[in-house]
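Listing of data-v7.cif; format and content: mmCIF, C-alpha atoms.
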data_work
loop_
_atom_site.label_atom_id
_atom_site.label_comp_id
_atom_site.auth_asym_id
_atom_site.auth_seq_id
_atom_site.Cartn_x
_atom_site.Cartn_y
_atom_site.Cartn_z
CA MET A 109 4.60 -34.35 -27.99
CA ALA A 110 4.55 -37.65 -26.10
CA ASP A 111 8.27 -38.23 -26.83
CA GLU A 112 9.36 -34.70 -25.95
CA ASP A 113 12.27 -34.49 -23.54
CA TYR A 114 11.19 -33.81 -19.95
CA TYR A 115 13.68 -30.94 -19.62
CA ASP A 116 12.26 -29.35 -22.77
CA VAL A 117 8.74 -29.79 -21.45
CA LEU A 118 9.57 -27.67 -18.37
CA GLY A 119 11.81 -25.30 -20.34
CA VAL A 120 14.91 -25.85 -18.16
CA ASP A 121 18.41 -27.06 -18.89
CA ARG A 122 19.70 -30.43 -17.73
CA ASN A 123 21.64 -28.86 -14.85
CA ALA A 124 18.62 -27.07 -13.37
CA ASP A 125 18.41 -27.31 -9.59
CA GLU A 126 15.34 -28.15 -7.51
CA LYS A 127 14.34 -24.49 -7.15
CA ALA A 128 14.44 -23.87 -10.90
CA LEU A 129 12.43 -27.03 -11.58
CA LYS A 130 9.79 -26.08 -9.05
CA SER A 131 9.50 -22.53 -10.38
CA ALA A 132 9.15 -23.72 -13.98
CA PHE A 133 6.56 -26.32 -13.01
CA ARG A 134 4.40 -23.87 -11.08
CA LYS A 135 4.45 -21.33 -13.89
CA LEU A 136 3.48 -23.86 -16.56
CA ALA A 137 0.95 -25.67 -14.39
CA MET A 138 -0.80 -22.39 -13.70
CA GLN A 139 -0.82 -21.58 -17.43
CA TYR A 140 -2.20 -24.92 -18.64
CA HIS A 141 -4.39 -25.89 -15.65
CA PRO A 142 -7.76 -27.26 -16.90
CA ASP A 143 -9.65 -24.80 -14.69
CA LYS A 144 -8.10 -21.96 -16.68
CA ASN A 145 -8.59 -23.70 -20.03
CA PRO A 146 -12.05 -25.32 -19.87
CA GLY A 147 -12.76 -27.55 -22.85
CA ASP A 148 -9.24 -27.16 -24.28
CA ALA A 149 -8.03 -30.71 -24.93
CA ALA A 150 -4.57 -29.56 -26.02
CA ALA A 151 -4.07 -27.60 -22.80
CA GLU A 152 -5.22 -30.57 -20.72
CA ALA A 153 -2.79 -32.87 -22.52
CA ARG A 154 0.02 -30.37 -22.00
CA PHE A 155 -0.89 -30.12 -18.33
CA LYS A 156 -0.59 -33.89 -17.95
CA GLN A 157 2.78 -33.86 -19.68
CA ILE A 158 4.06 -31.06 -17.41
CA ASN A 159 3.03 -33.05 -14.33
CA GLU A 160 4.65 -36.18 -15.70
CA ALA A 161 7.93 -34.37 -16.38
CA TYR A 162 8.02 -32.67 -12.99
CA ASP A 163 7.21 -35.89 -11.11
CA VAL A 164 10.24 -37.56 -12.64
CA LEU A 165 12.74 -34.70 -12.45
CA LYS A 166 11.94 -33.60 -8.89
CA ASP A 167 12.84 -37.05 -7.55
CA PRO A 168 16.66 -37.55 -7.50
CA GLN A 169 16.38 -41.32 -8.13
CA LYS A 170 13.90 -40.99 -10.95
CA ARG A 171 15.90 -38.13 -12.46
CA ALA A 172 19.12 -40.15 -12.38
CA ALA A 173 17.36 -43.06 -14.08
CA TYR A 174 15.84 -40.75 -16.69
CA ASP A 175 19.17 -39.05 -17.41
CA ARG A 176 20.74 -42.46 -18.05
CA PHE A 177 18.01 -44.44 -19.79
CA GLY A 178 15.38 -41.91 -20.81
CA LYS A 179 11.72 -42.86 -20.59
CA GLU A 180 12.60 -46.52 -21.03
CA ALA A 181 13.56 -46.50 -17.34
CA PHE A 182 9.86 -46.28 -16.47
CA GLN A 183 8.52 -48.87 -18.87
CA ASN A 184 7.52 -52.38 -17.85
CA GLY A 185 6.31 -51.21 -14.45
CA GLY A 186 9.44 -49.27 -13.56
CA GLY A 187 7.38 -46.38 -12.23
CA ALA A 188 4.27 -48.30 -11.30
CA PRO A 189 3.07 -48.91 -7.74
CA GLY A 190 5.48 -51.15 -5.89
CA GLY A 191 8.23 -50.38 -8.42
CA GLY A 192 11.72 -49.07 -7.79
CA PHE A 193 10.75 -45.60 -6.52
CA GLY A 194 9.57 -46.03 -2.96
CA GLY A 195 6.38 -47.92 -3.72
CA ALA A 196 4.27 -44.77 -4.07
CA SER A 197 1.53 -44.86 -6.66
CA PHE A 198 1.30 -42.20 -9.32
CA SER A 199 -2.14 -41.31 -7.92
CA ASP A 200 -0.55 -40.58 -4.54
CA ILE A 201 2.31 -38.66 -6.13
CA PHE A 202 0.08 -36.35 -8.12
CA GLU A 203 -2.31 -35.90 -5.23
CA ASN A 204 0.62 -34.44 -3.33
CA ILE A 205 1.51 -32.25 -6.29
CA PHE A 206 -2.00 -30.83 -6.37
CA ASP A 207 -1.96 -30.27 -2.63
CA GLU A 208 1.14 -28.13 -3.07
CA PHE A 209 -0.12 -26.38 -6.19
CA LEU A 210 -3.54 -25.51 -4.74
CA GLY A 211 -2.26 -24.46 -1.35
CA GLY A 212 -3.28 -27.56 0.63
CA GLY A 213 -5.62 -27.24 3.56
CA ARG A 214 -8.36 -29.50 2.12
CA GLY A 215 -8.71 -31.35 5.36
CA GLY A 216 -8.84 -34.64 3.45
CA ARG A 217 -11.10 -35.84 0.71
CA GLY A 218 -14.65 -35.01 1.65
CA GLY A 219 -13.40 -33.61 4.98
CA GLY A 220 -14.71 -30.62 6.84
CA ARG A 221 -14.14 -27.62 4.59
CA SER A 222 -14.42 -24.20 6.19
CA ASN A 223 -16.99 -22.19 4.22
CA ALA A 224 -16.59 -18.96 6.16
CA VAL A 225 -15.19 -16.04 4.18
CA ARG A 226 -13.87 -12.88 5.83
CA GLY A 227 -15.52 -9.64 4.74
CA SER A 228 -13.66 -7.12 2.61
CA ASP A 229 -11.82 -4.18 4.13
CA LEU A 230 -13.15 -0.71 3.40
CA ARG A 231 -11.39 2.64 2.92
CA TYR A 232 -12.68 6.07 3.90
CA ASN A 233 -10.83 9.29 3.03
CA MET A 234 -11.11 12.05 5.64
CA GLU A 235 -9.81 15.59 5.11
CA ILE A 236 -9.19 17.74 8.19
CA SER A 237 -7.70 21.16 8.89
CA LEU A 238 -4.35 21.81 10.55
CA GLU A 239 -6.20 23.22 13.56
CA GLU A 240 -8.14 19.95 13.91
CA ALA A 241 -4.91 17.99 13.65
CA TYR A 242 -3.46 20.19 16.40
CA ARG A 243 -6.36 19.65 18.81
CA GLY A 244 -7.69 16.27 17.69
CA LYS A 245 -11.38 15.70 17.01
CA THR A 246 -14.23 13.23 17.04
CA ALA A 247 -15.91 12.98 13.64
CA SER A 248 -19.16 11.35 12.62
CA ILE A 249 -18.91 9.55 9.28
CA THR A 250 -21.39 7.60 7.16
CA VAL A 251 -19.98 4.60 5.31
CA PRO A 252 -21.82 2.54 2.66
CA THR A 253 -21.12 -1.08 3.46
CA THR A 254 -22.70 -4.53 3.78
CA VAL A 255 -23.95 -6.01 7.02
CA SER A 256 -25.02 -9.49 8.02
CA CYS A 257 -28.61 -10.28 7.02
CA GLU A 258 -30.70 -10.30 10.20
CA PRO A 259 -33.55 -12.62 9.10
CA CYS A 260 -31.17 -15.47 8.15
CA ASN A 261 -28.38 -14.46 10.56
CA GLY A 262 -25.93 -14.38 7.66
CA SER A 263 -26.47 -17.99 6.55
CA GLY A 264 -28.24 -17.11 3.30
CA ALA A 265 -30.93 -19.71 3.98
CA GLU A 266 -34.59 -18.88 4.60
CA PRO A 267 -35.35 -18.72 8.36
CA GLY A 268 -36.30 -22.17 9.57
CA SER A 269 -33.93 -23.88 7.12
CA SER A 270 -30.17 -24.14 6.85
CA PRO A 271 -27.55 -24.73 4.15
CA GLU A 272 -27.16 -28.37 3.18
CA THR A 273 -24.03 -30.36 2.42
CA CYS A 274 -23.41 -30.48 -1.31
CA PRO A 275 -24.21 -34.00 -2.56
CA THR A 276 -21.78 -33.68 -5.46
CA CYS A 277 -18.58 -33.07 -3.47
CA GLY A 278 -19.70 -34.25 -0.04
CA GLY A 279 -18.90 -30.82 1.44
CA ALA A 280 -15.29 -30.73 0.22
CA GLY A 281 -15.93 -27.95 -2.28
CA LYS A 282 -13.76 -29.76 -4.87
CA VAL A 283 -14.17 -32.72 -7.17
CA ARG A 284 -11.46 -34.93 -8.61
CA THR A 285 -11.29 -36.98 -11.74
CA THR A 286 -8.64 -39.58 -12.49
CA GLN A 287 -7.37 -40.01 -16.02
CA GLY A 288 -4.87 -42.82 -16.18
CA PHE A 289 -2.05 -41.97 -13.83
CA PHE A 290 -3.19 -38.36 -13.54
CA MET A 291 -5.59 -36.72 -11.14
CA VAL A 292 -7.34 -33.43 -11.93
CA GLU A 293 -8.95 -31.44 -9.12
CA ARG A 294 -11.27 -28.48 -9.65
CA ALA A 295 -13.97 -26.49 -7.84
CA CYS A 296 -17.26 -28.31 -7.46
CA PRO A 297 -19.62 -27.07 -10.22
CA ASN A 298 -22.69 -27.65 -8.06
CA CYS A 299 -21.78 -25.59 -4.98
CA ARG A 300 -19.08 -23.46 -6.68
CA GLY A 301 -16.47 -24.48 -4.16
CA THR A 302 -18.42 -23.68 -0.98
CA GLY A 303 -19.25 -27.25 0.01
CA LYS A 304 -22.82 -26.16 0.79
CA ILE A 305 -25.98 -25.58 -1.20
CA ILE A 306 -28.95 -23.45 -0.20
CA ALA A 307 -32.19 -25.13 -1.17
CA LYS A 308 -34.34 -22.26 0.16
CA PRO A 309 -32.56 -18.91 -0.25
CA CYS A 310 -33.41 -16.14 2.20
CA ARG A 311 -35.85 -13.71 0.61
CA ALA A 312 -34.31 -10.71 2.38
CA CYS A 313 -30.78 -11.15 0.99
CA GLY A 314 -31.36 -13.49 -1.95
CA GLY A 315 -29.18 -16.19 -0.39
CA VAL A 316 -26.09 -13.98 -0.14
CA GLY A 317 -26.19 -13.71 3.65
CA ARG A 318 -25.62 -9.94 3.76
CA VAL A 319 -27.35 -6.76 2.63
CA GLU A 320 -26.18 -3.26 1.65
CA LYS A 321 -26.60 -0.61 4.31
CA GLU A 322 -25.15 2.74 5.36
CA LYS A 323 -23.42 2.75 8.72
CA THR A 324 -22.77 5.84 10.86
CA LEU A 325 -19.64 5.70 13.00
CA GLN A 326 -17.83 7.96 15.44
CA VAL A 327 -14.15 8.27 14.61
CA LYS A 328 -11.69 9.68 17.14
CA VAL A 329 -8.87 11.52 15.40
CA PRO A 330 -5.96 11.93 17.84
CA ALA A 331 -4.08 15.21 18.30
CA GLY A 332 -0.87 15.38 16.29
CA VAL A 333 -2.17 13.24 13.43
CA ALA A 334 -0.14 13.72 10.25
CA ASP A 335 -1.03 13.75 6.57
CA GLY A 336 -1.32 10.15 5.33
CA THR A 337 -2.02 8.66 8.76
CA ARG A 338 -4.17 5.53 8.65
CA ILE A 339 -6.67 4.78 11.41
CA ARG A 340 -7.97 1.20 11.61
CA LEU A 341 -11.45 0.41 12.94
CA SER A 342 -11.48 -3.33 13.53
CA GLY A 343 -14.60 -5.20 12.41
CA GLU A 344 -16.24 -2.16 10.77
CA GLY A 345 -15.71 -3.33 7.19
CA GLU A 346 -18.02 -5.47 5.09
CA ALA A 347 -19.78 -8.39 6.70
CA GLY A 348 -18.30 -11.85 6.16
CA LEU A 349 -19.97 -14.64 4.23
CA ARG A 350 -21.32 -17.85 5.74
CA GLY A 351 -20.43 -16.84 9.27
CA GLY A 352 -17.05 -15.35 8.41
CA PRO A 353 -15.70 -12.39 10.39
CA PRO A 354 -16.24 -8.83 9.11
CA GLY A 355 -13.43 -6.87 7.49
CA ASP A 356 -11.87 -3.69 8.84
CA LEU A 357 -12.43 -0.04 8.02
CA TYR A 358 -9.36 2.09 7.33
CA ILE A 359 -9.60 5.88 7.69
CA PHE A 360 -6.96 7.69 5.61
CA ILE A 361 -6.26 11.19 6.91
CA SER A 362 -5.29 14.08 4.63
CA LEU A 363 -4.59 17.66 5.80
CA ARG A 364 -5.84 20.71 3.94
CA PRO A 365 -3.14 23.30 3.12
CA HIS A 366 -3.06 26.10 5.69
CA ARG A 367 -3.17 29.80 4.78
CA VAL A 368 -0.34 30.74 7.15
CA PHE A 369 1.54 27.74 8.47
CA GLU A 370 3.50 24.92 6.88
CA ARG A 371 4.19 21.73 8.80
CA ASP A 372 7.20 19.44 8.98
CA GLY A 373 6.62 16.79 11.63
CA THR A 374 6.03 18.62 14.90
CA THR A 375 7.62 21.85 13.61
CA LEU A 376 5.53 24.67 12.18
CA TYR A 377 6.91 27.31 9.82
CA CYS A 378 5.50 30.76 9.24
CA ALA A 379 6.89 33.25 6.70
CA VAL A 380 6.25 36.87 7.79
CA PRO A 381 6.76 39.90 5.50
CA LEU A 382 8.56 42.65 7.44
CA PRO A 383 8.43 46.39 6.61
CA VAL A 384 11.85 47.74 5.80
CA THR A 385 11.51 50.35 8.56
CA THR A 386 10.87 47.70 11.21
CA ALA A 387 13.77 45.64 9.88
CA ALA A 388 16.08 48.67 10.03
CA LEU A 389 14.94 50.27 13.28
CA GLY A 390 13.74 47.17 15.14
CA GLY A 391 10.35 46.63 16.72
CA GLU A 392 7.82 43.99 17.61
CA ILE A 393 5.37 41.88 15.59
CA GLU A 394 2.52 39.54 16.59
CA VAL A 395 1.97 36.15 15.03
CA PRO A 396 -1.00 33.87 15.85
CA SER A 397 -0.30 30.31 16.97
CA LEU A 398 -2.52 27.23 16.76
CA ASP A 399 -3.18 27.25 20.50
CA GLY A 400 -5.32 30.36 19.95
CA GLN A 401 -2.85 32.78 21.49
CA ARG A 402 -0.88 35.59 19.92
CA THR A 403 2.87 35.21 19.94
CA LYS A 404 4.95 38.39 20.19
CA VAL A 405 8.30 38.43 18.43
CA LYS A 406 10.98 41.07 19.09
CA ILE A 407 12.71 42.24 15.92
CA PRO A 408 16.22 43.59 16.53
CA ALA A 409 17.43 46.57 14.52
CA GLY A 410 19.18 45.60 11.29
CA THR A 411 17.25 42.34 10.78
CA GLN A 412 17.91 40.82 7.35
CA THR A 413 15.67 38.77 5.06
CA GLY A 414 15.68 35.08 5.98
CA LYS A 415 16.27 35.65 9.70
CA GLN A 416 14.49 32.96 11.72
CA PHE A 417 13.04 33.17 15.21
CA ARG A 418 12.25 29.98 17.13
CA MET A 419 9.22 29.94 19.44
CA ARG A 420 9.58 26.85 21.59
CA GLY A 421 6.50 24.78 22.38
CA LYS A 422 4.31 26.56 19.83
CA GLY A 423 4.42 23.79 17.22
CA MET A 424 2.43 20.57 16.73
CA PRO A 425 2.01 17.90 19.40
CA PRO A 426 3.51 14.47 18.60
CA LEU A 427 0.98 11.76 17.79
CA ASN A 428 1.66 9.83 20.99
CA GLY A 429 1.66 12.91 23.23
CA GLY A 430 4.51 14.45 25.17
CA GLY A 431 4.87 18.20 24.66
CA HIS A 432 4.86 20.23 21.47
CA GLY A 433 7.29 21.06 18.71
CA ASP A 434 8.49 24.56 17.84
CA LEU A 435 7.17 27.38 15.67
CA ILE A 436 9.80 28.82 13.31
CA ILE A 437 9.10 32.37 12.16
CA GLN A 438 11.09 33.55 9.15
CA VAL A 439 11.00 37.22 8.23
CA ASN A 440 11.26 38.49 4.67
CA VAL A 441 12.11 42.21 4.44
CA GLU A 442 9.68 43.92 2.08
CA THR A 443 10.91 46.60 -0.31
CA PRO A 444 8.62 49.67 -0.24
CA VAL A 445 6.41 50.23 -3.29
CA ASN A 446 3.93 52.97 -4.34
CA LEU A 447 5.96 55.70 -2.59
CA SER A 448 4.50 59.13 -2.02
CA LYS A 449 6.44 62.22 -3.07
CA ARG A 450 7.54 62.92 0.49
CA GLN A 451 8.60 59.29 1.09
CA ARG A 452 10.64 59.36 -2.06
CA GLU A 453 12.32 62.61 -1.01
CA LEU A 454 13.25 61.13 2.35
CA LEU A 455 14.73 58.02 0.76
CA GLU A 456 16.72 60.10 -1.71
CA GLU A 457 18.01 62.20 1.17
CA PHE A 458 18.98 59.02 3.03
CA GLN A 459 20.75 57.79 -0.11
CA THR A 460 22.94 60.92 -0.24
CA ILE A 461 24.16 60.47 3.32
CA GLU A 462 24.38 56.66 3.21
CA THR A 463 27.77 55.11 4.04
CA GLY A 464 29.18 51.65 3.68
CA GLU A 465 28.47 51.00 7.34
CA THR A 466 24.71 51.11 6.80
CA SER A 467 24.84 48.42 4.06
CA PRO A 468 27.93 46.33 4.87
CA GLU A 469 26.91 43.26 2.85
CA SER A 470 26.28 45.08 -0.42
CA THR A 471 29.31 47.32 0.07
CA GLY A 472 31.53 44.29 0.64
CA PHE A 473 30.06 42.43 -2.32
CA PHE A 474 30.61 45.22 -4.82
CA LYS A 475 34.12 45.72 -3.49
CA ARG A 476 34.93 42.09 -4.19
CA LEU A 477 33.26 42.37 -7.59
CA LYS A 478 35.49 45.33 -8.45
CA GLU A 479 38.58 43.35 -7.47
CA VAL A 480 37.53 40.47 -9.74
CA TRP A 481 36.97 42.89 -12.63
CA THR A 482 40.43 44.40 -12.09
CA ASP A 483 42.05 40.97 -12.14
CA LEU A 484 40.31 40.11 -15.41
CA THR A 485 41.45 43.31 -17.18
CA GLU A 486 45.12 43.20 -16.12
#

As structure tokens - that is how I would like this structure written.
Amino acid sequence: MADEDYYDVLGVDRNADEKALKSAFRKLAMQYHPDKNPGDAAAEARFKQINEAYDVLKDPQKRAAYDRFGKEAFQNGGGAPGGGFGGASFSDIFENIFDEFLGGGRGGRGGGRSNAVRGSDLRYNMEISLEEAYRGKTASITVPTTVSCEPCNGSGAEPGSSPETCPTCGGAGKVRTTQGFFMVERACPNCRGTGKIIAKPCRACGGVGRVEKEKTLQVKVPAGVADGTRIRLSGEGEAGLRGGPPGDLYIFISLRPHRVFERDGTTLYCAVPLPVTTAALGGEIEVPSLDGQRTKVKIPAGTQTGKQFRMRGKGMPPLNGGGHGDLIIQVNVETPVNLSKRQRELLEEFQTIETGETSPESTGFFKRLKEVWTDLTE
């Protein structure tokens, strides 16, 4: 393995550009990192080899030397401190690699590490009616969450004491070990990466710094809210750790199906069955609207199924205010059923005196159908 070609180590061809090299390195380094393979000597050796290959190939001068002379270009001090590659030591080079790989932001070895952790966001599902979405509402909700521990003020330490700097990592939260030219950095095993240890844990929260508690909140749902709307309550999520800020609470709105109306944005739709007599003779129907009033609709004589009537301003309000949408009423002519003897006699009498003028659409259709049939038989 020690003599394996650097390009083969990273799994790239010899013409790979900087982006391809970096992508291959990150993928392999993540796979073989000692923190993910504790106690695996083979993985640790592979990790060192990956770092060695990337360090050479990412540097244009080193890569050119390697392409020409192979690993012999770095023997006899060729890659050692003060050598022909800018005078940087391998320790410095790999420290920079780990900074990039682990996201940086250490603040220097042993420097001031921020131990505060933001609290988690919470989600609450709220179902409301279409009427409530039309008017808006203020709802009281109870949310199970975590809040900062009052006795220790969120520190996790027993009142009268405070967290202490970890003696193992000096507060950095990470420890490094050097193995030859290579440097391995991992979370401090003593403080688990926090940089602090709690000698006397708070008895109320067990040293966590927060406790479980139900919280009752008032949520204002604005008029015009739509299905799937998300309302954010800043700072009402779980409490942070070690003085970190709380998370947020997100209210997800869903609307119950309505018995009469369907909604599309600010437009409401209402399908109304219409007696055949009203459709034929004309008349007037009443339809309720969400503002609590009754809307009267004039039906002209000869109204057909699917005819729509638009009632302006009777729809939903937009979320940000500014008027209302429209209410669309669509009539569906209902065919009579369960006829009495007299009703049937009247319809049969009407059928005998019916002309094409009373049913122009069906008369025209069957006329065209007859013409098509004639054309097919000629």

Near-stretch 349-351 of chain A list (8 Å; all atoms listed in the file; drop same-chain fewer than 2 positions) as a ChimeraX atom specification: /A:223-227,262-264,316-318,347,353

All residues 7 Å or closer to stretch 360-371 of chain A, all atoms listed in the file, same chain fewer than 5 positions away omitted, as JSON, numbers by chain: {"A": [232, 233, 234, 235, 236, 237, 238, 335, 336, 337, 338, 339, 376, 377, 378]}

Take the residues from that selection and put them in a file with C-alpha atoms, as a PDB file, in the frame of the given file.
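Wrote it out as selection.pdb, contents follow:
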ATOM      1  CA  TYR A 232     -12.680   6.070   3.900  1.00  0.00           C
ATOM      2  CA  ASN A 233     -10.830   9.290   3.030  1.00  0.00           C
ATOM      3  CA  MET A 234     -11.110  12.050   5.640  1.00  0.00           C
ATOM      4  CA  GLU A 235      -9.810  15.590   5.110  1.00  0.00           C
ATOM      5  CA  ILE A 236      -9.190  17.740   8.190  1.00  0.00           C
ATOM      6  CA  SER A 237      -7.700  21.160   8.890  1.00  0.00           C
ATOM      7  CA  LEU A 238      -4.350  21.810  10.550  1.00  0.00           C
ATOM      8  CA  ASP A 335      -1.030  13.750   6.570  1.00  0.00           C
ATOM      9  CA  GLY A 336      -1.320  10.150   5.330  1.00  0.00           C
ATOM     10  CA  THR A 337      -2.020   8.660   8.760  1.00  0.00           C
ATOM     11  CA  ARG A 338      -4.170   5.530   8.650  1.00  0.00           C
ATOM     12  CA  ILE A 339      -6.670   4.780  11.410  1.00  0.00           C
ATOM     13  CA  LEU A 376       5.530  24.670  12.180  1.00  0.00           C
ATOM     14  CA  TYR A 377       6.910  27.310   9.820  1.00  0.00           C
ATOM     15  CA  CYS A 378       5.500  30.760   9.240  1.00  0.00           C
TER      16      CYS A 378
END

Near-A:Glu112 list (12 Å; only C-alpha atoms; drop same-chain fewer than 4 positions) as a ChimeraX atom specification: /A:116-119,154,157-158,160-161,178-179

Atom CA of A:Thr254 to atom CA of A:Pro271, straight-line distance in Å: 20.8 Å

Counting only C-alpha atoms, the residue of A:Glu239, A:Glu453, A:Glu462, A:Glu293 that sits nearest A:Ser397: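 Nearest candidate to A:Ser397 out of A:Glu239, A:Glu453, A:Glu462, A:Glu293: A:Glu239.
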
List as a PDB file with C-alpha atoms, in the coordinates of the input the protein and nucleic acid residues near A:Arg340, meaning an atom at most 7 Å away when only C-alpha atoms are counted, but skip any in the same chain fewer than 2 places from it.
ATOM      1  CA  ARG A 338      -4.170   5.530   8.650  1.00  0.00           C
ATOM      2  CA  SER A 342     -11.480  -3.330  13.530  1.00  0.00           C
ATOM      3  CA  ASP A 356     -11.870  -3.690   8.840  1.00  0.00           C
ATOM      4  CA  LEU A 357     -12.430  -0.040   8.020  1.00  0.00           C
ATOM      5  CA  TYR A 358      -9.360   2.090   7.330  1.00  0.00           C
ATOM      6  CA  ILE A 359      -9.600   5.880   7.690  1.00  0.00           C
TER       7      ILE A 359
END

Output as a tab-separated table (two decimals), keeping the file's coordinate frame: stretch 390-397 of chain A, completed with all heavy atoms.
chain	number	residue	atom	x	y	z
A	390	GLY	N	14.14	48.10	14.09
A	390	GLY	CA	13.74	47.17	15.14
A	390	GLY	C	12.31	47.43	15.57
A	390	GLY	O	11.71	48.46	15.24
A	391	GLY	N	11.73	46.47	16.28
A	391	GLY	CA	10.35	46.63	16.72
A	391	GLY	C	9.80	45.32	17.22
A	391	GLY	O	10.54	44.44	17.68
A	392	GLU	N	8.49	45.19	17.09
A	392	GLU	CA	7.82	43.99	17.61
A	392	GLU	C	6.66	43.64	16.68
A	392	GLU	O	5.94	44.52	16.21
A	392	GLU	CB	7.31	44.24	19.02
A	392	GLU	CG	6.81	43.00	19.73
A	392	GLU	CD	6.42	43.28	21.18
A	392	GLU	OE1	5.34	43.87	21.39
A	392	GLU	OE2	7.20	42.94	22.08
A	393	ILE	N	6.50	42.34	16.40
A	393	ILE	CA	5.37	41.88	15.59
A	393	ILE	C	4.61	40.81	16.36
A	393	ILE	O	5.14	40.20	17.31
A	393	ILE	CB	5.83	41.31	14.23
A	393	ILE	CG1	6.76	40.10	14.44
A	393	ILE	CG2	6.50	42.38	13.38
A	393	ILE	CD1	7.13	39.39	13.15
A	394	GLU	N	3.35	40.58	15.97
A	394	GLU	CA	2.52	39.54	16.59
A	394	GLU	C	2.16	38.49	15.55
A	394	GLU	O	1.76	38.84	14.42
A	394	GLU	CB	1.24	40.14	17.18
A	394	GLU	CG	1.44	40.82	18.52
A	394	GLU	CD	0.12	41.19	19.17
A	394	GLU	OE1	-0.90	41.22	18.45
A	394	GLU	OE2	0.11	41.45	20.38
A	395	VAL	N	2.31	37.26	15.93
A	395	VAL	CA	1.97	36.15	15.03
A	395	VAL	C	1.04	35.20	15.77
A	395	VAL	O	1.32	34.81	16.91
A	395	VAL	CB	3.24	35.39	14.58
A	395	VAL	CG1	2.87	34.21	13.70
A	395	VAL	CG2	4.18	36.32	13.83
A	396	PRO	N	-0.10	34.82	15.17
A	396	PRO	CA	-1.00	33.87	15.85
A	396	PRO	C	-0.41	32.47	15.87
A	396	PRO	O	0.36	32.08	14.98
A	396	PRO	CB	-2.27	33.92	15.00
A	396	PRO	CG	-1.78	34.31	13.64
A	396	PRO	CD	-0.63	35.24	13.87
A	397	SER	N	-0.73	31.71	16.88
A	397	SER	CA	-0.30	30.31	16.97
A	397	SER	C	-1.54	29.42	17.07
A	397	SER	O	-2.64	29.89	17.38
A	397	SER	CB	0.63	30.10	18.18
A	397	SER	OG	0.02	30.54	19.36
